[in-house]
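Note: the block below is query.cif and it holds mmCIF, C-alpha atoms.
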data_run
loop_
_atom_site.label_atom_id
_atom_site.label_comp_id
_atom_site.auth_asym_id
_atom_site.auth_seq_id
_atom_site.Cartn_x
_atom_site.Cartn_y
_atom_site.Cartn_z
CA MET A 1 233.75 298.01 25.02
CA ASN A 2 236.36 297.65 22.32
CA ARG A 3 235.71 295.02 19.73
CA SER A 4 238.60 292.75 20.54
CA ARG A 5 238.74 289.07 19.79
CA ARG A 6 239.05 288.43 23.52
CA ASN A 7 235.80 290.22 24.36
CA PHE A 8 234.00 288.51 21.52
CA LEU A 9 234.96 285.10 22.88
CA LYS A 10 233.92 286.07 26.40
CA LEU A 11 230.51 287.21 25.20
CA THR A 12 230.03 284.06 23.14
CA GLY A 13 230.86 281.91 26.10
CA LEU A 14 228.48 283.76 28.38
CA SER A 15 225.57 283.62 25.97
CA LEU A 16 226.11 279.90 25.36
CA LEU A 17 226.02 279.34 29.09
CA GLY A 18 222.80 281.32 29.28
CA LEU A 19 221.22 279.25 26.53
CA GLY A 20 222.15 276.01 28.27
CA ALA A 21 220.92 277.13 31.66
CA LYS A 22 217.21 277.05 30.91
CA PRO A 23 216.91 273.47 29.66
CA ALA A 24 219.12 272.32 32.52
CA TRP A 25 216.98 274.15 35.04
CA ASP A 26 213.78 272.74 33.50
CA ALA A 27 215.15 269.21 33.56
CA LEU A 28 216.10 269.49 37.22
CA ALA A 29 212.93 271.23 38.34
CA ALA A 30 210.37 269.13 36.45
CA ASN A 31 211.48 265.78 37.81
CA PRO A 32 210.44 265.34 41.41
CA SER A 33 211.90 262.01 42.51
CA PRO A 34 209.23 259.32 42.91
CA LYS A 35 208.18 258.52 46.42
CA PHE A 36 208.63 255.07 47.85
CA ALA A 37 207.80 253.49 51.17
CA LYS A 38 208.91 250.44 53.12
CA SER A 39 206.34 247.81 53.91
CA PRO A 40 205.02 248.21 57.44
CA GLU A 41 204.63 244.48 58.11
CA ALA A 42 208.29 243.69 57.39
CA LEU A 43 210.39 241.88 60.00
CA LYS A 44 213.00 244.25 61.31
CA GLY A 45 216.57 243.25 62.00
CA LYS A 46 219.99 244.83 61.86
CA ARG A 47 221.98 241.67 61.18
CA TRP A 48 220.11 238.60 60.04
CA ALA A 49 221.84 235.32 60.76
CA MET A 50 221.06 231.62 60.93
CA VAL A 51 221.96 228.84 63.32
CA VAL A 52 221.95 225.27 62.01
CA ASP A 53 221.46 222.73 64.77
CA MET A 54 223.22 219.71 63.28
CA GLY A 55 222.05 217.41 66.08
CA LYS A 56 218.39 217.97 65.28
CA CYS A 57 218.72 217.71 61.51
CA ARG A 58 217.53 214.35 60.18
CA GLU A 59 219.75 212.91 57.47
CA GLU A 60 217.08 211.73 55.06
CA CYS A 61 214.83 214.78 55.44
CA ARG A 62 214.66 217.21 52.52
CA ASP A 63 211.87 219.51 53.73
CA CYS A 64 213.85 222.76 53.89
CA LEU A 65 215.54 222.13 50.60
CA GLU A 66 212.32 221.40 48.78
CA ALA A 67 210.46 224.31 50.36
CA CYS A 68 213.20 226.75 49.36
CA HIS A 69 213.55 225.51 45.83
CA ARG A 70 209.79 225.48 45.33
CA VAL A 71 209.30 229.01 46.62
CA HIS A 72 212.17 230.45 44.60
CA ASN A 73 211.57 228.63 41.32
CA VAL A 74 214.93 226.89 41.48
CA PRO A 75 215.28 224.63 38.42
CA ASP A 76 216.30 221.00 38.58
CA PHE A 77 218.45 220.22 35.57
CA ARG A 78 218.88 216.57 36.68
CA ASN A 79 222.55 217.00 35.92
CA PHE A 80 225.26 217.47 38.52
CA LYS A 81 227.29 219.78 36.30
CA ASP A 82 224.48 222.30 35.83
CA GLU A 83 223.04 221.95 39.33
CA ILE A 84 221.45 225.07 40.82
CA LYS A 85 221.34 225.13 44.61
CA TRP A 86 220.26 227.64 47.21
CA ILE A 87 220.36 225.29 50.18
CA TRP A 88 221.79 221.81 49.94
CA LYS A 89 223.55 218.98 51.77
CA GLU A 90 227.28 218.51 51.95
CA PRO A 91 229.24 215.85 53.87
CA LEU A 92 230.68 217.05 57.19
CA LYS A 93 234.26 216.59 56.00
CA ALA A 94 233.60 219.04 53.14
CA VAL A 95 231.72 221.54 55.27
CA PHE A 96 234.50 221.80 57.84
CA PRO A 97 237.55 220.57 55.91
CA GLU A 98 239.99 222.07 58.39
CA GLN A 99 238.49 219.97 61.21
CA GLU A 100 238.66 216.62 59.44
CA HIS A 101 241.25 214.16 60.72
CA HIS A 102 242.41 210.62 60.20
CA TYR A 103 240.64 209.06 63.20
CA LEU A 104 237.21 210.51 62.56
CA ASP A 105 234.63 207.79 61.99
CA GLU A 106 233.73 207.27 58.35
CA PRO A 107 229.93 207.67 58.84
CA LEU A 108 230.55 210.87 60.77
CA LYS A 109 232.79 212.20 58.02
CA GLU A 110 230.04 211.56 55.53
CA LYS A 111 227.22 212.91 57.68
CA PRO A 112 225.26 215.38 55.54
CA VAL A 113 225.06 218.94 56.79
CA MET A 114 222.77 221.66 55.46
CA VAL A 115 224.71 224.45 53.81
CA LEU A 116 223.59 227.69 52.20
CA CYS A 117 224.91 231.14 51.42
CA ASN A 118 226.63 232.44 54.56
CA HIS A 119 225.68 236.07 54.00
CA CYS A 120 229.20 237.01 55.05
CA ASP A 121 230.13 240.26 56.73
CA HIS A 122 233.00 240.55 54.25
CA PRO A 123 231.57 238.81 51.21
CA PRO A 124 234.17 238.04 48.54
CA CYS A 125 231.42 237.70 45.91
CA VAL A 126 230.51 241.35 46.42
CA ARG A 127 234.13 242.42 46.11
CA VAL A 128 234.68 240.66 42.81
CA CYS A 129 231.37 241.55 41.13
CA PRO A 130 232.19 243.99 38.32
CA THR A 131 228.63 245.27 37.92
CA LYS A 132 227.65 245.44 41.60
CA ALA A 133 224.90 242.96 40.83
CA THR A 134 225.76 241.29 44.13
CA PHE A 135 225.66 243.67 47.03
CA LYS A 136 225.40 243.65 50.79
CA ARG A 137 222.38 245.43 52.16
CA PRO A 138 223.67 248.01 54.63
CA GLU A 139 220.54 247.89 56.77
CA ASP A 140 220.45 244.18 57.62
CA GLY A 141 223.60 242.57 56.19
CA ILE A 142 221.87 240.33 53.67
CA VAL A 143 224.05 239.61 50.66
CA MET A 144 221.65 240.02 47.80
CA MET A 145 221.64 239.72 44.05
CA ASP A 146 220.19 242.05 41.49
CA TYR A 147 219.57 239.66 38.62
CA HIS A 148 218.90 242.60 36.33
CA ARG A 149 222.53 243.58 36.53
CA CYS A 150 224.19 240.17 36.44
CA ILE A 151 226.21 239.69 33.27
CA GLY A 152 227.08 236.06 34.00
CA CYS A 153 230.84 236.56 34.30
CA ARG A 154 230.98 234.03 37.19
CA PHE A 155 233.68 235.90 39.12
CA CYS A 156 231.48 235.44 42.19
CA VAL A 157 231.28 231.68 41.59
CA ALA A 158 235.06 231.63 41.70
CA GLY A 159 235.20 234.08 44.58
CA CYS A 160 232.80 232.33 46.96
CA PRO A 161 234.71 229.87 49.15
CA TYR A 162 231.50 228.02 50.04
CA GLY A 163 230.23 227.13 46.57
CA ALA A 164 227.01 228.95 47.32
CA ARG A 165 226.60 230.35 43.84
CA SER A 166 225.19 228.58 40.82
CA MET A 167 225.22 229.63 37.20
CA ASN A 168 222.31 229.13 34.83
CA PHE A 169 224.07 227.62 31.86
CA ARG A 170 220.73 226.88 30.24
CA ASP A 171 217.28 228.43 30.24
CA PRO A 172 215.91 227.33 33.62
CA ARG A 173 212.23 227.75 32.83
CA PRO A 174 211.53 224.32 31.29
CA PHE A 175 213.19 222.68 34.30
CA ILE A 176 211.04 224.26 37.00
CA LYS A 177 208.53 221.68 38.11
CA GLU A 178 205.93 224.09 39.43
CA THR A 179 206.42 227.81 38.96
CA ASN A 180 205.60 230.00 41.91
CA PRO A 181 203.91 232.98 40.22
CA ASP A 182 204.88 235.35 43.03
CA PHE A 183 208.63 235.00 42.53
CA PRO A 184 210.49 235.63 39.29
CA THR A 185 212.46 232.86 37.63
CA ARG A 186 215.97 233.45 36.39
CA THR A 187 217.16 233.47 32.84
CA LYS A 188 220.04 231.88 31.00
CA GLY A 189 223.41 233.44 31.79
CA VAL A 190 222.61 234.61 35.30
CA VAL A 191 224.11 233.48 38.59
CA GLU A 192 221.84 232.84 41.55
CA LYS A 193 222.01 232.04 45.25
CA CYS A 194 220.12 232.08 48.52
CA ASN A 195 218.69 235.52 49.35
CA PHE A 196 217.74 234.80 53.00
CA CYS A 197 214.15 235.12 51.74
CA VAL A 198 214.14 238.92 51.55
CA GLU A 199 210.80 238.73 49.75
CA ARG A 200 209.31 236.84 52.71
CA LEU A 201 210.93 239.03 55.38
CA VAL A 202 209.18 242.12 53.97
CA GLN A 203 205.88 240.27 54.32
CA GLY A 204 206.66 239.51 57.93
CA LEU A 205 207.39 235.83 57.29
CA LEU A 206 210.39 233.74 58.30
CA PRO A 207 212.56 232.19 55.56
CA ALA A 208 210.93 229.26 53.77
CA CYS A 209 213.52 226.72 54.96
CA VAL A 210 213.11 227.76 58.59
CA GLU A 211 209.35 227.51 58.32
CA ALA A 212 209.52 224.10 56.61
CA CYS A 213 211.87 222.49 59.17
CA LYS A 214 209.76 220.34 61.50
CA GLU A 215 212.72 219.58 63.78
CA LYS A 216 213.42 223.29 64.35
CA ALA A 217 217.00 222.66 63.30
CA LEU A 218 217.19 225.95 61.46
CA ILE A 219 216.93 229.06 63.58
CA PHE A 220 216.76 232.50 62.04
CA GLY A 221 217.00 235.86 63.75
CA ASP A 222 218.67 239.17 64.33
CA LEU A 223 222.16 238.93 65.84
CA GLU A 224 222.18 242.59 66.83
CA ASN A 225 219.13 242.11 68.99
CA PRO A 226 220.34 240.87 72.43
CA GLN A 227 216.97 239.19 73.08
CA SER A 228 216.84 237.17 69.87
CA ASN A 229 217.18 233.39 70.02
CA VAL A 230 220.05 233.26 67.54
CA ARG A 231 222.00 235.76 69.60
CA GLU A 232 221.42 233.76 72.73
CA MET A 233 222.51 230.52 71.06
CA VAL A 234 225.59 232.01 69.49
CA GLN A 235 226.50 233.67 72.78
CA SER A 236 225.97 230.83 75.23
CA ARG A 237 226.92 227.78 73.18
CA PHE A 238 229.93 226.91 71.13
CA THR A 239 229.22 227.19 67.42
CA TRP A 240 231.24 226.61 64.30
CA ARG A 241 231.39 228.69 61.20
CA ARG A 242 232.59 227.54 57.81
CA LYS A 243 236.21 228.42 56.97
CA PRO A 244 236.47 231.33 59.43
CA GLU A 245 240.20 231.55 58.71
CA LEU A 246 239.39 233.18 55.37
CA GLY A 247 238.15 236.30 57.13
CA THR A 248 234.78 236.40 55.38
CA HIS A 249 232.89 236.40 58.72
CA PRO A 250 230.11 234.00 57.68
CA GLN A 251 226.77 234.53 59.40
CA VAL A 252 225.55 230.95 59.38
CA TYR A 253 226.50 229.26 62.64
CA TYR A 254 226.65 225.50 63.16
CA LEU A 255 225.68 223.97 66.48
CA LEU A 256 227.23 220.57 67.18
CA MET B 1 240.52 260.21 -12.63
CA PHE B 2 241.64 256.66 -13.07
CA ASP B 3 238.92 254.10 -13.68
CA ALA B 4 236.29 256.82 -13.64
CA ARG B 5 233.63 254.47 -14.96
CA LYS B 6 234.11 251.87 -12.29
CA VAL B 7 234.29 254.48 -9.54
CA ILE B 8 231.15 256.27 -10.65
CA ILE B 9 229.23 253.02 -11.06
CA GLY B 10 230.41 252.07 -7.58
CA ILE B 11 229.23 255.35 -6.11
CA VAL B 12 225.84 255.01 -7.80
CA ILE B 13 225.39 251.46 -6.45
CA PHE B 14 226.39 252.67 -3.01
CA LEU B 15 223.89 255.53 -3.09
CA VAL B 16 221.11 253.26 -4.29
CA LEU B 17 221.76 250.85 -1.45
CA LEU B 18 222.03 253.67 1.07
CA THR B 19 218.71 255.21 0.09
CA PHE B 20 216.97 251.86 -0.44
CA PRO B 21 214.88 252.01 2.76
CA PHE B 22 213.59 255.46 1.87
CA TRP B 23 212.33 254.83 -1.65
CA TYR B 24 211.31 251.26 -0.96
CA GLY B 25 208.97 252.32 1.83
CA LYS B 26 207.71 255.42 0.03
CA GLY B 27 203.98 255.67 -0.36
CA LYS B 28 203.33 252.63 1.83
CA ALA B 29 201.61 253.73 4.98
CA VAL B 30 202.07 251.40 7.92
CA PRO B 31 198.59 250.58 9.20
CA ALA B 32 197.84 252.29 12.47
CA LEU B 33 197.95 250.04 15.50
CA GLN B 34 194.56 248.74 16.60
CA LEU B 35 194.64 248.05 20.30
CA LYS B 36 192.00 246.39 22.42
CA ILE B 37 193.13 247.36 25.87
CA GLU B 38 189.81 246.90 27.65
CA THR B 39 189.86 243.87 29.93
CA PRO B 40 187.22 242.33 32.19
CA GLU B 41 189.41 243.34 35.13
CA ILE B 42 189.31 246.99 34.09
CA ALA B 43 185.56 246.81 33.43
CA ARG B 44 185.08 245.63 36.99
CA LEU B 45 186.95 248.60 38.48
CA ALA B 46 184.86 251.30 40.11
CA GLU B 47 187.36 254.00 39.22
CA LYS B 48 189.03 253.41 35.88
CA LYS B 49 192.32 255.13 36.60
CA CYS B 50 195.92 254.03 36.40
CA LEU B 51 198.39 254.86 39.17
CA GLU B 52 199.53 257.97 37.35
CA PRO B 53 197.89 260.09 34.62
CA THR B 54 197.55 258.25 31.31
CA ALA B 55 199.77 260.69 29.41
CA TYR B 56 202.59 260.17 31.90
CA MET B 57 202.19 256.40 31.86
CA ARG B 58 202.20 256.34 28.08
CA ALA B 59 205.32 258.44 27.79
CA SER B 60 207.32 257.38 30.83
CA HIS B 61 206.14 253.95 32.02
CA MET B 62 209.59 252.51 31.33
CA GLU B 63 211.23 255.07 33.57
CA LEU B 64 208.67 254.50 36.28
CA ILE B 65 209.14 250.73 36.16
CA ASP B 66 212.89 251.17 36.12
CA SER B 67 212.74 253.29 39.25
CA TRP B 68 210.53 250.62 40.83
CA ARG B 69 213.12 247.99 40.09
CA GLU B 70 215.87 250.02 41.74
CA ALA B 71 213.67 250.79 44.73
CA VAL B 72 212.58 247.20 45.32
CA VAL B 73 215.83 245.37 44.65
CA ARG B 74 218.40 247.89 45.77
CA ASP B 75 216.67 249.81 48.55
CA GLY B 76 214.22 247.22 49.81
CA GLN B 77 211.28 249.57 49.42
CA ARG B 78 208.22 247.71 48.27
CA TYR B 79 205.56 250.42 48.10
CA TYR B 80 205.08 253.26 45.68
CA VAL B 81 203.27 256.44 46.64
CA THR B 82 201.37 257.76 43.63
CA SER B 83 201.06 261.44 42.83
CA SER B 84 197.55 261.32 44.28
CA GLY B 85 198.92 259.90 47.53
CA LYS B 86 197.81 256.27 47.16
CA LYS B 87 200.21 253.61 48.46
CA VAL B 88 200.54 250.58 46.19
CA ALA B 89 202.82 247.55 46.16
CA MET B 90 205.32 247.65 43.32
CA SER B 91 204.87 244.57 41.19
CA LEU B 92 204.93 244.19 37.46
CA SER B 93 202.98 240.93 37.36
CA GLN B 94 200.44 241.77 40.00
CA ASN B 95 200.06 245.51 39.80
CA CYS B 96 200.34 246.33 36.10
CA LEU B 97 199.02 243.04 34.73
CA GLY B 98 196.50 242.78 37.53
CA CYS B 99 194.27 245.22 35.66
CA HIS B 100 195.84 245.03 32.21
CA SER B 101 195.45 241.29 32.04
CA ASN B 102 195.90 241.17 28.26
CA LYS B 103 199.66 241.22 27.92
CA GLU B 104 199.59 240.54 24.16
CA GLN B 105 197.63 243.69 23.57
CA PHE B 106 198.78 245.84 26.45
CA CYS B 107 202.54 245.21 26.25
CA ASP B 108 203.51 243.21 23.21
CA ALA B 109 201.44 244.86 20.48
CA CYS B 110 202.94 248.28 21.04
CA HIS B 111 206.46 247.02 21.71
CA ASN B 112 206.40 244.99 18.51
CA TYR B 113 205.07 247.96 16.59
CA ALA B 114 207.87 250.16 17.90
CA ALA B 115 210.42 247.34 17.58
CA VAL B 116 211.55 247.49 21.19
CA LYS B 117 212.35 244.29 23.02
CA PRO B 118 212.17 244.71 26.77
CA ASN B 119 213.34 241.56 28.55
CA CYS B 120 211.04 241.79 31.57
CA TRP B 121 209.30 238.51 30.86
CA GLY B 122 212.50 236.50 30.56
CA CYS B 123 212.35 236.20 34.34
CA HIS B 124 209.14 237.79 35.58
CA ASN B 125 206.12 235.54 35.42
CA VAL B 126 203.12 236.40 33.36
CA PRO B 127 200.07 235.77 35.56
CA LYS B 128 197.97 232.87 34.34
CA GLU B 129 194.88 234.92 33.51
CA ALA B 130 197.05 237.29 31.47
CA LYS B 131 198.44 234.47 29.31
CA ARG B 132 195.18 233.46 27.62
#
Here is the file; what I need is its structure written in the form of structure tokens.
Amino acid sequence: MNRSRRNFLKLTGLSLLGLGAKPAWDALAANPSPKFAKSPEALKGKRWAMVVDMGKCREECRDCLEACHRVHNVPDFRNFKDEIKWIWKEPLKAVFPEQEHHYLDEPLKEKPVMVLCNHCDHPPCVRVCPTKATFKRPEDGIVMMDYHRCIGCRFCVAGCPYGARSMNFRDPRPFIKETNPDFPTRTKGVVEKCNFCVERLVQGLLPACVEACKEKALIFGDLENPQSNVREMVQSRFTWRRKPELGTHPQVYYLL
Amino acid sequence: MFDARKVIIGIVIFLVLLTFPFWYGKGKAVPALQLKIETPEIARLAEKKCLEPTAYMRASHMELIDSWREAVVRDGQRYYVTSSGKKVAMSLSQNCLGCHSNKEQFCDACHNYAAVKPNCWGCHNVPKEAKR
């Protein structure tokens, strides 16, 4: 081989490649990916959804709300501006603004309706999240938050047409009446919302609000399962969804 | 050189400041960390073994916990299969601190020593018995 500059460079390149190959090979070979498993007792569903039976819901009752906020360590800042809510009451006229009209009775307009995150099929909060902290689980359609990744930019707060997202403007810990040790709290600068009780579903339990409702006004189930009670209700009776014209395909159905 | 005196004095001051941490700390040995990681919970265990070998846990616990976080939150997988084939629920507060119930010694002492500030406990709850 003649000692040309060209051959020298070729040889240098090849030997560098050879030097780099071993560490790369070691790094790839030595790291078997950790093994994980799903919990066997988990409730299985392909598309979780909820039906809210407005006729059964008692106006003064706060059972579902309190159960949810207790289980999930939701703080009470005693201040409307900083309010954190996973499930809450909203007057009928605000829940279905497109259905409100001049002749509707005033008490009916003001009738409180339970509202929560709609776990939309096309969630705008997921689209706007720059860190993918909010994501839709492909296996069951739950719109979930990864608080580890949330940077508190509040794009999702602006993006959600249902006001289902709340920002922790202050450290929530001092404002939690009784901390549930089995569920993490949030920290300052993080947005939070209803998670359809994913942590209870994996234990084989229904969402806390559904369990707490004595009137059975909240019904939870798998829409993809033709035998489920939510599917039957949604199929055979006329239900409303919040702001369907926005194309978000909310998965909380309201029974009149 | 213009203003040679000022420039040289400036350079000397700069070098002194730059090397300050080295000569200031010279000869002072930082006392070795004394850890008391035995807990009554560990004493009660029949088999005193962590999920993975101690050397691996010591070196890579942060990576393990990080992979747990991704698995639980992102993939909905709640159980971890250890290298010895045991299936355990992934939980910082219940699994790790369940045995190592002395967080001050088990987590904080070493993290403070190494000046790392993990923010796990900003949200995750420290079990009551581990607070002490």
Report task. Kindly indicate which residue among B:Val16, B:Val126, B:Met1, B:Ile9 lies nearest to chain A, using all atoms listed in the file for the distances. Result -> B:Val126
**Report entry** Exercise: Ser83 of chain B partners within 10 Å, all atoms listed in the file, chain neighbours under 6 positions left out, as number ranges by chain
**Finding:** A: 34-35; B: 51-53
Residues from last step as file, C-alpha atoms, as a PDB file, keeping the file's coordinate frame:
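This is the output file part_3.pdb:
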ATOM      1  CA  PRO A  34     209.230 259.320  42.910  1.00  0.00           C
ATOM      2  CA  LYS A  35     208.180 258.520  46.420  1.00  0.00           C
TER       3      LYS A  35
ATOM      4  CA  LEU B  51     198.390 254.860  39.170  1.00  0.00           C
ATOM      5  CA  GLU B  52     199.530 257.970  37.350  1.00  0.00           C
ATOM      6  CA  PRO B  53     197.890 260.090  34.620  1.00  0.00           C
TER       7      PRO B  53
END
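Of the residues under consideration (A:Phe96, A:Phe8, A:Phe135, A:Phe77), A:Phe77 shows the shortest atom-to-atom contact distance to Lys177 of chain A when counting all atoms listed in the file.
Applied to this file, the PyMOL selection byres ((chain B and resi 25-40) around 8) selects the residues Pro21, Phe22, Trp23, Tyr24, Glu41, Ile42, Ala43, Arg44, Cys99, His100, Ser101, Asn102, Gln105, Phe106, Ala109, Cys110 and Tyr113 of chain B.
Straight-line separation from atom CA of Cys197 of chain A to atom CA of Ala49 of chain A: 11.9 Å.
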Query - Surrounding residues of Lys38 of chain A excluding itself and chain neighbours under 5 positions, 8 Å, all atoms listed in the file, as a VMD selection string - result: chain B and resid 76 to 79
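In chain A, the set of residues within 6 Å of chain B (atoms considered: all atoms listed in the file) is Lys35, Phe36, Ala37, Lys38, Ser39, Pro181, Pro184, Thr185, Arg186 and Thr187 of chain A.
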**Report entry** Residues matched by the PyMOL selection byres ((chain A and resi 202) around 7) as a VMD selection string
**Finding:** chain A and resid 39 41 to 43 198 to 201 203 to 204
Report task. Apply the PyMOL selection byres ((chain A and resi 68) around 10) to the structure shown and report the selected residues as a ChimeraX atom specification. Result -> /A:63-67,69-74,85-88,194,196-197,207-212
Query raised in the report: Interatomic distance between atom CA of Asp222 of chain A and atom CA of Met54 of chain A?
Result: 20.0 Å
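Across the model, the gap from atom CA of Gly159 of chain A to atom CA of Met50 of chain A is 21.8 Å.
With only C-alpha atoms as the atoms that count, the residue of A:Val95, A:Val252, A:Ile219, A:Leu246 with the shortest distance to Cys57 of chain A is A:Ile219.
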Query - Spatial neighbours of segment 105-111 of chain A, max dist 6 Å, only C-alpha atoms, sep filter under 3 positions, as a ChimeraX atom specification - result: /A:91-93
Mind completing segment 65-82 of chain A with N, CA and C atoms? Output as a short mmCIF file (atom, residue, chain, number, x, y, z; two decimals), in the frame of the given file, please?
data_model
loop_
_atom_site.label_atom_id
_atom_site.label_comp_id
_atom_site.auth_asym_id
_atom_site.auth_seq_id
_atom_site.Cartn_x
_atom_site.Cartn_y
_atom_site.Cartn_z
N LEU A 65 215.01 222.02 51.95
CA LEU A 65 215.54 222.13 50.60
C LEU A 65 214.41 222.26 49.58
N GLU A 66 213.42 221.38 49.75
CA GLU A 66 212.32 221.40 48.78
C GLU A 66 211.47 222.66 48.91
N ALA A 67 211.25 223.09 50.16
CA ALA A 67 210.46 224.31 50.36
C ALA A 67 211.14 225.49 49.70
N CYS A 68 212.45 225.62 49.92
CA CYS A 68 213.20 226.75 49.36
C CYS A 68 213.15 226.73 47.85
N HIS A 69 213.46 225.58 47.28
CA HIS A 69 213.55 225.51 45.83
C HIS A 69 212.18 225.66 45.15
N ARG A 70 211.13 225.30 45.88
CA ARG A 70 209.79 225.48 45.33
C ARG A 70 209.40 226.96 45.35
N VAL A 71 209.67 227.60 46.47
CA VAL A 71 209.30 229.01 46.62
C VAL A 71 210.06 229.91 45.64
N HIS A 72 211.33 229.56 45.41
CA HIS A 72 212.17 230.45 44.60
C HIS A 72 212.33 230.01 43.15
N ASN A 73 211.50 229.08 42.71
CA ASN A 73 211.57 228.63 41.32
C ASN A 73 212.97 228.18 40.92
N VAL A 74 213.59 227.38 41.78
CA VAL A 74 214.93 226.89 41.48
C VAL A 74 214.79 225.69 40.55
N PRO A 75 215.43 225.72 39.39
CA PRO A 75 215.28 224.63 38.42
C PRO A 75 216.05 223.39 38.84
N ASP A 76 215.59 222.25 38.36
CA ASP A 76 216.30 221.00 38.58
C ASP A 76 216.71 220.47 37.22
N PHE A 77 217.99 220.63 36.89
CA PHE A 77 218.45 220.22 35.57
C PHE A 77 218.74 218.72 35.49
N ARG A 78 218.59 218.01 36.62
CA ARG A 78 218.88 216.57 36.68
C ARG A 78 220.27 216.28 36.11
N ASN A 79 221.22 217.11 36.49
CA ASN A 79 222.55 217.00 35.92
C ASN A 79 223.49 217.68 36.91
N PHE A 80 224.42 216.94 37.45
CA PHE A 80 225.26 217.47 38.52
C PHE A 80 226.05 218.70 38.07
N LYS A 81 226.46 218.69 36.82
CA LYS A 81 227.29 219.78 36.30
C LYS A 81 226.54 221.11 36.30
N ASP A 82 225.26 221.06 35.95
CA ASP A 82 224.48 222.30 35.83
C ASP A 82 223.68 222.62 37.08
#
